[in-house]
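For reference, the structure is listed below as structure tokens.
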Amino acid sequence: IWVEGEWPDSFFEVENSTNVTSGLQRMFQVLKYEAKFFIVAPKEVRPRFDRAISESPYKQCRDKYLFRSYPQLNKMFQSALKYRKAHDAFFGQ
């Protein structure tokens, strides 16, 4: 759970060895929060994710669910790492 201020901003479920619907269901239980719901999984899982959010009960809130693959997560991490290094070099930390 990523918290911004006092409230959850984003929920993350890493689905490596379980069915993608288990992660969707856990996040569905906190639907009342104005947050984004991320499923992070191998890119091969994307078709299962797409099928699952097209069915009840997830289709009513499918716009809240986002799929991110491991390569996408790694790219984000590498970009953040570069930024942090540049920040520290510039500000002398």
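Ordering of the structure tokens sets the chain letters (A, B, ...); residue numbers start at 1 within each chain; ligands are numbered from 1 in the order shown.
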Fill in: Spatial neighbours of range 59-71 of chain A, 8 Å, only C-alpha atoms, chain gap at least 2 places, as a list in words
Ala35, Lys36, Phe37, Phe38, Ile39, Val40, Ala41, Pro42, Lys43, Arg46, Phe49, Ile53, Ser54, Glu55, Ser56, Pro57, Leu73, Asn74 and Lys75 of chain A
Worksheet item: Out of range 7-73 of chain A, which residues get helix (DSSP H, G or I) from DSSP, as a PyMOL selection string?
Response: chain A and resi 20-28+43-52+58-64+70-73
Practice prompt. Using DSSP on the backbone coordinates, identify the residues of chain A assigned to strand (DSSP E or B); present them as a PyMOL selection string.
Written response: chain A and resi 2-4+7-14+36-41+65-69
Worksheet entry | Contacts of Pro8 in chain A within 10 Å, only C-alpha atoms, excl. fewer than 6 positions in-chain, as JSON, numbers by chain | {"A": [1, 2, 30, 33, 34, 35, 36]}
How would the residues just picked look written out with N, CA, C and O atoms as a short mmCIF file (atom, residue, chain, number, x, y, z; two decimals), in the first residue's frame?
data_model
loop_
_atom_site.label_atom_id
_atom_site.label_comp_id
_atom_site.auth_asym_id
_atom_site.auth_seq_id
_atom_site.Cartn_x
_atom_site.Cartn_y
_atom_site.Cartn_z
N ILE A 1 0.86 -1.18 0.00
CA ILE A 1 0.00 0.00 0.00
C ILE A 1 0.90 1.23 0.00
O ILE A 1 1.81 1.34 0.81
N TRP A 2 0.65 2.14 -0.92
CA TRP A 2 1.37 3.41 -0.99
C TRP A 2 0.44 4.47 -0.40
O TRP A 2 -0.66 4.66 -0.89
N VAL A 30 -11.29 -3.11 -0.84
CA VAL A 30 -11.01 -1.74 -0.40
C VAL A 30 -11.39 -0.74 -1.48
O VAL A 30 -10.80 0.34 -1.59
N TYR A 33 -11.78 3.30 -1.30
CA TYR A 33 -10.70 4.27 -1.36
C TYR A 33 -10.54 4.81 -2.78
O TYR A 33 -10.62 4.07 -3.74
N GLU A 34 -10.30 6.08 -2.88
CA GLU A 34 -9.99 6.70 -4.17
C GLU A 34 -8.52 6.44 -4.45
O GLU A 34 -7.68 7.30 -4.27
N ALA A 35 -8.24 5.23 -4.86
CA ALA A 35 -6.85 4.80 -5.07
C ALA A 35 -6.76 4.04 -6.38
O ALA A 35 -7.77 3.66 -6.97
N LYS A 36 -5.54 3.83 -6.82
CA LYS A 36 -5.27 3.00 -7.99
C LYS A 36 -4.89 1.62 -7.50
O LYS A 36 -4.24 1.47 -6.47
#
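Of the residues listed (A:Gln25, A:Gly92, A:Phe12, A:Thr18), A:Gln25 shows the shortest atom-to-atom separation from Ala52 in chain A; distances use only C-alpha atoms.
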Worksheet item: By how many Å are CA of Leu24 in chain A and CA of Glu6 in chain A apart?
Response: 23.2 Å
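Atom pair CA of Met27 in chain A / CA of Ser79 in chain A: separated by 27.1 Å.
Separating CA of Glu4 in chain A from CA of Thr21 in chain A is a distance of 26.0 Å.
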